[in-house]
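Raw contents of final25.tsv, TSV, C-alpha atoms:
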chain	number	residue	atom	x	y	z
A	1	MET	CA	121.33	-49.07	75.36
A	2	ARG	CA	119.26	-49.18	72.18
A	3	ASN	CA	116.15	-51.40	72.13
A	4	LEU	CA	114.54	-53.12	69.15
A	5	ASP	CA	110.79	-52.73	68.72
A	6	VAL	CA	109.16	-56.14	68.08
A	7	THR	CA	106.40	-54.52	66.02
A	8	VAL	CA	109.00	-52.99	63.71
A	9	LEU	CA	110.90	-56.27	63.51
A	10	ARG	CA	107.68	-58.06	62.55
A	11	SER	CA	107.21	-55.65	59.66
A	12	PHE	CA	110.79	-56.18	58.52
A	13	VAL	CA	110.41	-59.97	58.57
A	14	ALA	CA	107.10	-59.76	56.68
A	15	VAL	CA	108.61	-57.56	53.96
A	16	ALA	CA	111.60	-59.89	53.64
A	17	GLN	CA	109.33	-62.93	53.31
A	18	THR	CA	106.86	-61.45	50.83
A	19	GLY	CA	109.26	-59.29	48.83
A	20	GLY	CA	107.12	-56.16	49.03
A	21	VAL	CA	105.72	-53.56	51.39
A	22	THR	CA	102.19	-53.82	49.97
A	23	ARG	CA	101.85	-57.56	50.61
A	24	ALA	CA	103.44	-57.28	54.03
A	25	ALA	CA	101.04	-54.50	54.97
A	26	GLY	CA	98.11	-56.73	54.01
A	27	PHE	CA	99.32	-59.57	56.23
A	28	LEU	CA	99.95	-57.22	59.15
A	29	ASN	CA	96.68	-55.29	58.76
A	30	LEU	CA	98.63	-52.05	58.49
A	31	THR	CA	98.78	-49.35	55.86
A	32	GLN	CA	101.59	-49.36	53.36
A	33	SER	CA	102.84	-46.01	54.67
A	34	ALA	CA	102.91	-47.32	58.25
A	35	VAL	CA	105.09	-50.28	57.25
A	36	SER	CA	107.40	-47.99	55.23
A	37	MET	CA	107.81	-45.67	58.22
A	38	GLN	CA	108.63	-48.61	60.50
A	39	LEU	CA	111.29	-49.84	58.10
A	40	LYS	CA	112.80	-46.36	57.90
A	41	ARG	CA	112.91	-46.14	61.72
A	42	LEU	CA	114.60	-49.53	61.91
A	43	GLU	CA	117.28	-48.60	59.39
A	44	GLU	CA	117.92	-45.34	61.25
A	45	LEU	CA	118.27	-47.25	64.51
A	46	ILE	CA	120.64	-49.84	63.03
A	47	GLY	CA	122.53	-47.19	61.09
A	48	GLN	CA	122.66	-49.24	57.90
A	49	PRO	CA	120.38	-49.87	54.91
A	50	LEU	CA	118.63	-53.22	55.31
A	51	LEU	CA	116.58	-53.19	52.10
A	52	ASP	CA	117.61	-52.64	48.50
A	53	ARG	CA	114.76	-50.67	46.91
A	54	SER	CA	116.42	-50.11	43.52
A	55	ALA	CA	114.71	-53.08	41.83
A	56	ARG	CA	111.01	-53.72	41.22
A	57	ARG	CA	110.97	-56.33	44.00
A	58	ILE	CA	112.48	-55.31	47.32
A	59	ALA	CA	115.57	-57.32	48.22
A	60	LEU	CA	117.75	-57.52	51.31
A	61	THR	CA	121.14	-55.87	51.48
A	62	GLY	CA	124.07	-57.78	52.95
A	63	SER	CA	123.34	-56.24	56.34
A	64	GLY	CA	119.66	-57.03	55.93
A	65	GLU	CA	120.39	-60.71	55.30
A	66	GLN	CA	122.48	-60.89	58.48
A	67	PHE	CA	119.87	-59.02	60.52
A	68	LEU	CA	116.92	-61.13	59.27
A	69	GLY	CA	117.94	-64.19	61.29
A	70	TYR	CA	118.05	-62.17	64.51
A	71	ALA	CA	114.75	-60.46	63.73
A	72	ARG	CA	112.99	-63.78	63.12
A	73	ARG	CA	114.28	-65.27	66.38
A	74	ILE	CA	113.19	-62.24	68.40
A	75	VAL	CA	109.70	-62.22	66.85
A	76	GLU	CA	109.28	-65.98	67.28
A	77	LEU	CA	110.41	-65.84	70.92
A	78	ASN	CA	108.03	-62.95	71.56
A	79	ASP	CA	105.13	-64.86	70.01
A	80	GLU	CA	105.94	-68.05	71.90
A	81	ALA	CA	106.03	-66.24	75.25
A	82	PHE	CA	102.84	-64.34	74.49
A	83	ALA	CA	101.02	-67.48	73.32
A	84	ARG	CA	101.85	-69.45	76.45
A	85	LEU	CA	100.63	-66.68	78.72
A	86	THR	CA	97.53	-65.48	76.88
A	87	HIS	CA	96.23	-68.28	74.64
A	88	GLU	CA	95.64	-70.91	77.30
A	89	ASP	CA	91.89	-70.45	76.83
A	90	PHE	CA	92.17	-72.06	73.39
A	91	SER	CA	92.18	-75.84	73.60
A	92	GLY	CA	90.76	-78.55	71.39
A	93	GLU	CA	91.35	-79.98	67.93
A	94	ILE	CA	91.33	-78.65	64.38
A	95	THR	CA	90.97	-81.04	61.46
A	96	LEU	CA	93.00	-79.99	58.41
A	97	GLY	CA	92.63	-81.80	55.09
A	98	VAL	CA	95.44	-81.66	52.50
A	99	PRO	CA	96.01	-83.59	49.24
A	100	HIS	CA	98.91	-86.05	49.52
A	101	ASP	CA	101.08	-84.31	46.95
A	102	ILE	CA	101.09	-80.81	48.46
A	103	VAL	CA	101.77	-81.62	52.11
A	104	TYR	CA	105.38	-80.53	51.55
A	105	PRO	CA	106.96	-78.04	51.88
A	106	VAL	CA	104.46	-75.65	53.49
A	107	ILE	CA	102.36	-77.72	55.90
A	108	PRO	CA	105.11	-79.01	58.26
A	109	ARG	CA	106.40	-75.47	58.81
A	110	VAL	CA	102.87	-74.19	59.38
A	111	LEU	CA	102.09	-76.92	61.92
A	112	GLN	CA	105.30	-76.18	63.80
A	113	ARG	CA	104.51	-72.47	63.96
A	114	PHE	CA	100.90	-73.08	65.01
A	115	ALA	CA	101.97	-75.49	67.78
A	116	ALA	CA	104.28	-72.86	69.23
A	117	ASP	CA	101.58	-70.19	69.04
A	118	MET	CA	98.71	-72.29	70.43
A	119	PRO	CA	100.25	-75.18	72.35
A	120	ARG	CA	96.94	-76.52	73.66
A	121	MET	CA	95.36	-76.78	70.21
A	122	ARG	CA	95.90	-80.09	68.39
A	123	VAL	CA	95.85	-80.23	64.58
A	124	HIS	CA	94.64	-83.52	63.10
A	125	LEU	CA	96.07	-83.75	59.58
A	126	VAL	CA	94.05	-85.73	57.04
A	127	THR	CA	95.49	-86.52	53.60
A	128	SER	CA	93.31	-87.59	50.70
A	129	TYR	CA	92.23	-86.61	47.20
A	130	THR	CA	90.64	-83.24	46.50
A	131	SER	CA	87.23	-84.72	45.69
A	132	LYS	CA	87.09	-86.60	49.02
A	133	LEU	CA	88.34	-83.60	51.01
A	134	LYS	CA	85.70	-81.32	49.49
A	135	GLU	CA	83.01	-83.89	50.23
A	136	ASP	CA	84.09	-84.20	53.88
A	137	PHE	CA	84.42	-80.42	54.23
A	138	ALA	CA	80.88	-79.90	52.87
A	139	ARG	CA	79.43	-82.18	55.53
A	140	GLY	CA	81.41	-80.51	58.32
A	141	ALA	CA	83.94	-83.28	58.97
A	142	LEU	CA	86.90	-80.99	58.25
A	143	ASP	CA	87.53	-77.46	59.54
A	144	LEU	CA	89.65	-76.33	56.61
A	145	ILE	CA	91.10	-77.94	53.51
A	146	LEU	CA	93.55	-77.37	50.70
A	147	THR	CA	92.65	-78.51	47.20
A	148	THR	CA	94.21	-78.76	43.76
A	149	GLU	CA	91.67	-77.68	41.13
A	150	ARG	CA	91.47	-76.17	37.66
A	151	VAL	CA	89.39	-73.31	39.06
A	152	SER	CA	88.59	-71.89	42.48
A	153	GLY	CA	85.23	-73.10	43.76
A	154	GLU	CA	82.72	-71.10	45.78
A	155	GLY	CA	84.26	-69.91	49.03
A	156	ALA	CA	87.80	-70.80	47.99
A	157	VAL	CA	90.82	-68.53	48.33
A	158	PRO	CA	93.52	-69.29	45.72
A	159	LEU	CA	97.02	-69.65	47.19
A	160	ALA	CA	99.16	-70.63	44.21
A	161	GLU	CA	99.05	-71.85	40.63
A	162	ILE	CA	101.30	-74.77	39.71
A	163	ALA	CA	101.98	-76.50	36.38
A	164	LEU	CA	101.07	-80.17	35.93
A	165	ARG	CA	103.97	-82.12	34.42
A	166	TRP	CA	104.54	-85.50	32.78
A	167	VAL	CA	106.69	-87.75	34.95
A	168	GLY	CA	108.58	-90.98	34.22
A	169	ALA	CA	111.46	-93.17	35.35
A	170	PRO	CA	115.00	-91.79	35.02
A	171	GLY	CA	116.21	-92.79	31.55
A	172	GLY	CA	112.89	-94.55	30.97
A	173	GLN	CA	111.25	-95.28	27.64
A	174	ALA	CA	107.61	-95.74	28.69
A	175	TRP	CA	106.68	-92.40	27.11
A	176	ARG	CA	107.52	-93.83	23.68
A	177	HIS	CA	104.91	-96.60	23.78
A	178	ARG	CA	101.67	-96.26	21.82
A	179	PRO	CA	99.13	-96.54	23.12
A	180	LEU	CA	100.68	-94.52	25.93
A	181	ARG	CA	100.91	-96.50	29.15
A	182	LEU	CA	99.40	-94.35	31.88
A	183	ALA	CA	99.42	-94.80	35.67
A	184	GLN	CA	97.05	-92.32	37.32
A	185	ALA	CA	95.11	-93.09	40.50
A	186	VAL	CA	91.38	-93.58	39.94
A	187	GLN	CA	90.38	-90.83	42.38
A	188	CYS	CA	93.19	-88.47	41.36
A	189	GLY	CA	91.88	-85.00	40.54
A	190	PHE	CA	94.30	-84.73	37.62
A	191	ARG	CA	93.06	-87.87	35.87
A	192	THR	CA	90.19	-86.28	33.91
A	193	GLY	CA	92.34	-83.40	32.68
A	194	VAL	CA	95.15	-85.75	31.67
A	195	LEU	CA	92.82	-87.98	29.66
A	196	GLU	CA	91.18	-84.97	27.99
A	197	ALA	CA	94.61	-83.62	26.99
A	198	LEU	CA	95.58	-86.96	25.46
A	199	ASP	CA	92.30	-87.23	23.57
A	200	ARG	CA	92.63	-83.67	22.21
A	201	ALA	CA	96.14	-84.52	21.02
A	202	GLY	CA	94.87	-87.69	19.35
A	203	LEU	CA	97.16	-89.92	21.42
A	204	ALA	CA	95.92	-93.41	22.19
A	205	TRP	CA	96.41	-94.45	25.82
A	206	THR	CA	95.85	-97.38	28.13
A	207	SER	CA	95.64	-97.46	31.92
A	208	VAL	CA	98.06	-99.97	33.43
A	209	VAL	CA	96.89	-99.72	37.06
A	210	GLU	CA	93.52	-99.46	38.78
A	211	THR	CA	94.39	-98.10	42.19
A	212	ASP	CA	93.97	-95.21	44.60
A	213	SER	CA	97.42	-95.77	46.09
A	214	ASP	CA	100.06	-93.15	45.26
A	215	ARG	CA	102.76	-95.67	46.22
A	216	THR	CA	101.45	-98.14	43.66
A	217	VAL	CA	101.53	-95.47	40.97
A	218	GLU	CA	105.08	-94.42	41.95
A	219	ALA	CA	106.31	-98.03	41.90
A	220	THR	CA	104.76	-98.65	38.48
A	221	VAL	CA	106.29	-95.51	36.99
A	222	SER	CA	109.72	-96.03	38.60
A	223	ALA	CA	109.76	-99.51	37.02
A	224	ASP	CA	109.34	-97.78	33.63
A	225	LEU	CA	106.00	-99.50	33.05
A	226	ALA	CA	104.08	-96.24	32.60
A	227	VAL	CA	104.13	-92.47	32.90
A	228	THR	CA	102.04	-90.29	35.20
A	229	ALA	CA	101.26	-86.62	35.82
A	230	LEU	CA	102.27	-84.71	38.97
A	231	LEU	CA	102.44	-81.09	40.04
A	232	GLU	CA	105.74	-79.35	39.48
A	233	GLY	CA	107.77	-79.40	42.68
A	234	THR	CA	106.07	-82.51	44.08
A	235	ILE	CA	107.91	-85.16	42.07
A	236	PRO	CA	109.47	-87.96	44.23
A	237	GLY	CA	113.22	-88.41	44.09
A	238	GLN	CA	113.00	-91.73	42.27
A	239	LEU	CA	111.09	-90.16	39.34
A	240	VAL	CA	111.92	-87.36	36.90
A	241	GLU	CA	109.98	-84.73	35.00
A	242	LEU	CA	109.83	-85.44	31.27
A	243	PRO	CA	111.08	-82.37	29.39
A	244	ALA	CA	109.25	-80.81	26.46
A	245	GLY	CA	109.79	-82.58	23.18
A	246	HIS	CA	108.65	-86.02	24.31
A	247	GLY	CA	105.55	-85.80	22.13
A	248	LEU	CA	103.17	-85.51	25.09
A	249	PRO	CA	100.60	-82.69	25.33
A	250	ASP	CA	100.80	-79.75	27.70
A	251	LEU	CA	98.74	-80.38	30.83
A	252	GLY	CA	98.14	-76.80	31.93
A	253	ARG	CA	98.15	-75.44	35.46
A	254	TYR	CA	96.20	-76.15	38.64
A	255	LYS	CA	95.27	-73.85	41.50
A	256	VAL	CA	96.03	-74.61	45.12
A	257	ASN	CA	92.93	-73.37	46.97
A	258	ILE	CA	92.06	-73.10	50.64
A	259	TYR	CA	88.54	-73.54	52.00
A	260	CYS	CA	87.88	-72.53	55.59
A	261	ASN	CA	84.77	-72.66	57.75
A	262	ASP	CA	83.49	-69.17	58.49
A	263	GLY	CA	84.42	-67.80	61.87
A	264	PRO	CA	85.58	-64.62	63.59
A	265	THR	CA	89.14	-63.41	63.03
A	266	GLY	CA	91.47	-64.58	65.77
A	267	THR	CA	89.93	-68.00	66.29
A	268	PRO	CA	92.36	-70.95	66.04
A	269	VAL	CA	90.93	-72.10	62.69
A	270	GLN	CA	91.26	-68.64	61.19
A	271	GLN	CA	94.78	-68.27	62.59
A	272	LEU	CA	95.85	-71.61	61.10
A	273	ALA	CA	94.38	-70.56	57.75
A	274	GLY	CA	96.34	-67.31	57.96
A	275	PHE	CA	99.57	-69.19	58.61
A	276	ILE	CA	98.92	-71.38	55.56
A	277	ARG	CA	98.27	-68.34	53.35
A	278	GLN	CA	101.51	-66.74	54.55
A	279	GLY	CA	103.38	-70.00	53.97
A	280	TYR	CA	102.36	-70.06	50.31
A	281	GLU	CA	103.17	-66.38	49.87
A	282	THR	CA	106.77	-67.04	50.91
A	283	LEU	CA	107.32	-69.92	48.45

Represent the structure contained in this file as structure tokens.
Amino acid sequence: MRNLDVTVLRSFVAVAQTGGVTRAAGFLNLTQSAVSMQLKRLEELIGQPLLDRSARRIALTGSGEQFLGYARRIVELNDEAFARLTHEDFSGEITLGVPHDIVYPVIPRVLQRFAADMPRMRVHLVTSYTSKLKEDFARGALDLILTTERVSGEGAVPLAEIALRWVGAPGGQAWRHRPLRLAQAVQCGFRTGVLEALDRAGLAWTSVVETDSDRTVEATVSADLAVTALLEGTIPGQLVELPAGHGLPDLGRYKVNIYCNDGPTGTPVQQLAGFIRQGYETL
């Protein structure tokens, strides 16, 4: 009977998720050579190549794709059993702040994983605008936050960089109007950058809503009464991204940053932050 080593399986899953041995080694706190040796041992045990190393980014072979599902289930079951028997001393609540538009797709998966790992810890999810989240974090009301910003502030760890796009109604004509009819929430962190881009391009604009409600903005834009700006990949199904050539200026890119209260490695807050970082690495 041949037995699979969970440590080796964890390395295989990490490499598959991140697309490289170097990144996986960083997440696992191992050396690159140690991870490479573990992968070699696993392939020797299975008797088949699991990774295609011919390209710049490591990819899974056909056998590797089939094996990945089993490896994930074994690792997750191991972690769930270990958590229930050894993490009972952790109990309480963590307050996580996230801007409305980047809750999906990472946060639900992270919360599910964290709940399995630390079942007695409750995560209170707060959604708001970046400016409000940073204000609450500074006064200690939030344990960790995600933000969308042009730059990474002091203490921030950048997770991703995403383009800001013009958005309108499907088949809409609001983008043609001059002055441009704009619907952008008053507290939205993108508002200043959007207005600056329009001013630099010499485009006259007018604000058609004065609200902090994302639903109000979405309803206004879906009715083809205005356009708005949203991060790529966060556009609701009832709206569409306006392609280049609509005469609107480029809006640049924004960083998704994480801010976390200092604490020793292994604490629930630090573990949740680690899960979030890994979630963005796998996007």

How close does each residue of range 94-121 of chain A get to range 257-281 of chain A, giving the shortest atom pair and distance in Å to one decimal for every residue with an atom at most 7 Å away, counting only C-alpha atoms, sorted by chain and residue number, as a tab-separated table?
residue	atom	partner	partner_atom	distance
A:Ile94	CA	A:Val269	CA	6.8
A:Val106	CA	A:Gly279	CA	5.8
A:Val110	CA	A:Phe275	CA	6.0
A:Phe114	CA	A:Leu272	CA	6.6

Neighbour residues at most 8 Å from (113.4, -59.3, 60.1) (only C-alpha atoms) as a ChimeraX atom specification:
/A:9-16,64,67-72

Please produce a file of the residues just selected, as a PDB file, keeping the file's coordinate frame, where the atoms kept are C-alpha atoms.
ATOM      1  CA  LEU A   9     110.900 -56.270  63.510  1.00  0.00           C
ATOM      2  CA  ARG A  10     107.680 -58.060  62.550  1.00  0.00           C
ATOM      3  CA  SER A  11     107.210 -55.650  59.660  1.00  0.00           C
ATOM      4  CA  PHE A  12     110.790 -56.180  58.520  1.00  0.00           C
ATOM      5  CA  VAL A  13     110.410 -59.970  58.570  1.00  0.00           C
ATOM      6  CA  ALA A  14     107.100 -59.760  56.680  1.00  0.00           C
ATOM      7  CA  VAL A  15     108.610 -57.560  53.960  1.00  0.00           C
ATOM      8  CA  ALA A  16     111.600 -59.890  53.640  1.00  0.00           C
ATOM      9  CA  GLY A  64     119.660 -57.030  55.930  1.00  0.00           C
ATOM     10  CA  PHE A  67     119.870 -59.020  60.520  1.00  0.00           C
ATOM     11  CA  LEU A  68     116.920 -61.130  59.270  1.00  0.00           C
ATOM     12  CA  GLY A  69     117.940 -64.190  61.290  1.00  0.00           C
ATOM     13  CA  TYR A  70     118.050 -62.170  64.510  1.00  0.00           C
ATOM     14  CA  ALA A  71     114.750 -60.460  63.730  1.00  0.00           C
ATOM     15  CA  ARG A  72     112.990 -63.780  63.120  1.00  0.00           C
TER      16      ARG A  72
END

Which residues, written as a PyMOL selection string, have at least one atom at most 10 Å from range 244-246 of chain A, with all atoms listed in the file counted and residues fewer than 6 positions away on the same chain left out?
chain A and resi 165-166+175-176

Quick check, in Å to one decimal: how far apart do CA of Val240 in chain A and CA of Thr228 in chain A lie?
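Interatomic distance, CA of Val240 in chain A to CA of Thr228 in chain A: 10.4 Å.
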
Considering all atoms listed in the file, return as a PyMOL selection string whatever protein or nucleic-acid residues lie within 12 Å of Ala55 in chain A, sequence-local ones (same chain, fewer than 6 positions apart) excluded.
chain A and resi 19-20+61

I'd like the neighbourhood of range 189-195 of chain A as a compact mmCIF listing (two decimals) with C-alpha atoms, in the frame of the given file, where a residue qualifies if any of its atoms comes within 9 Å (using all atoms listed in the file), though same-chain residues fewer than 5 positions away should be ignored.
# COMPACT_ATOMS: atom_id res chain seq x y z
CA TYR A 129 92.23 -86.61 47.20
CA THR A 130 90.64 -83.24 46.50
CA SER A 131 87.23 -84.72 45.69
CA THR A 148 94.21 -78.76 43.76
CA GLU A 149 91.67 -77.68 41.13
CA ARG A 150 91.47 -76.17 37.66
CA LEU A 164 101.07 -80.17 35.93
CA GLN A 184 97.05 -92.32 37.32
CA ARG A 200 92.63 -83.67 22.21
CA TRP A 205 96.41 -94.45 25.82
CA THR A 228 102.04 -90.29 35.20
CA ALA A 229 101.26 -86.62 35.82
CA LEU A 230 102.27 -84.71 38.97
CA PRO A 249 100.60 -82.69 25.33
CA LEU A 251 98.74 -80.38 30.83
CA GLY A 252 98.14 -76.80 31.93
CA TYR A 254 96.20 -76.15 38.64

Tell me, as a list in words, which residues lie within 7 Å of Val126 in chain A, counting only C-alpha atoms; anything in the same chain fewer than 2 positions away does not count.
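Using only C-alpha atoms, the neighbours found are Leu96, Gly97, Val98, His124 and Ser128 of chain A.
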
May I ask which of the residues A:Leu225, A:Ala219, A:Val209, A:Ile162 is the closest one to Lys255 in chain A, counting only C-alpha atoms?
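The answer is A:Ile162, which sits nearest to Lys255 in chain A.
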
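When CA of Asp136 in chain A is paired with CA of Ala160 in chain A, their separation reads 22.5 Å.
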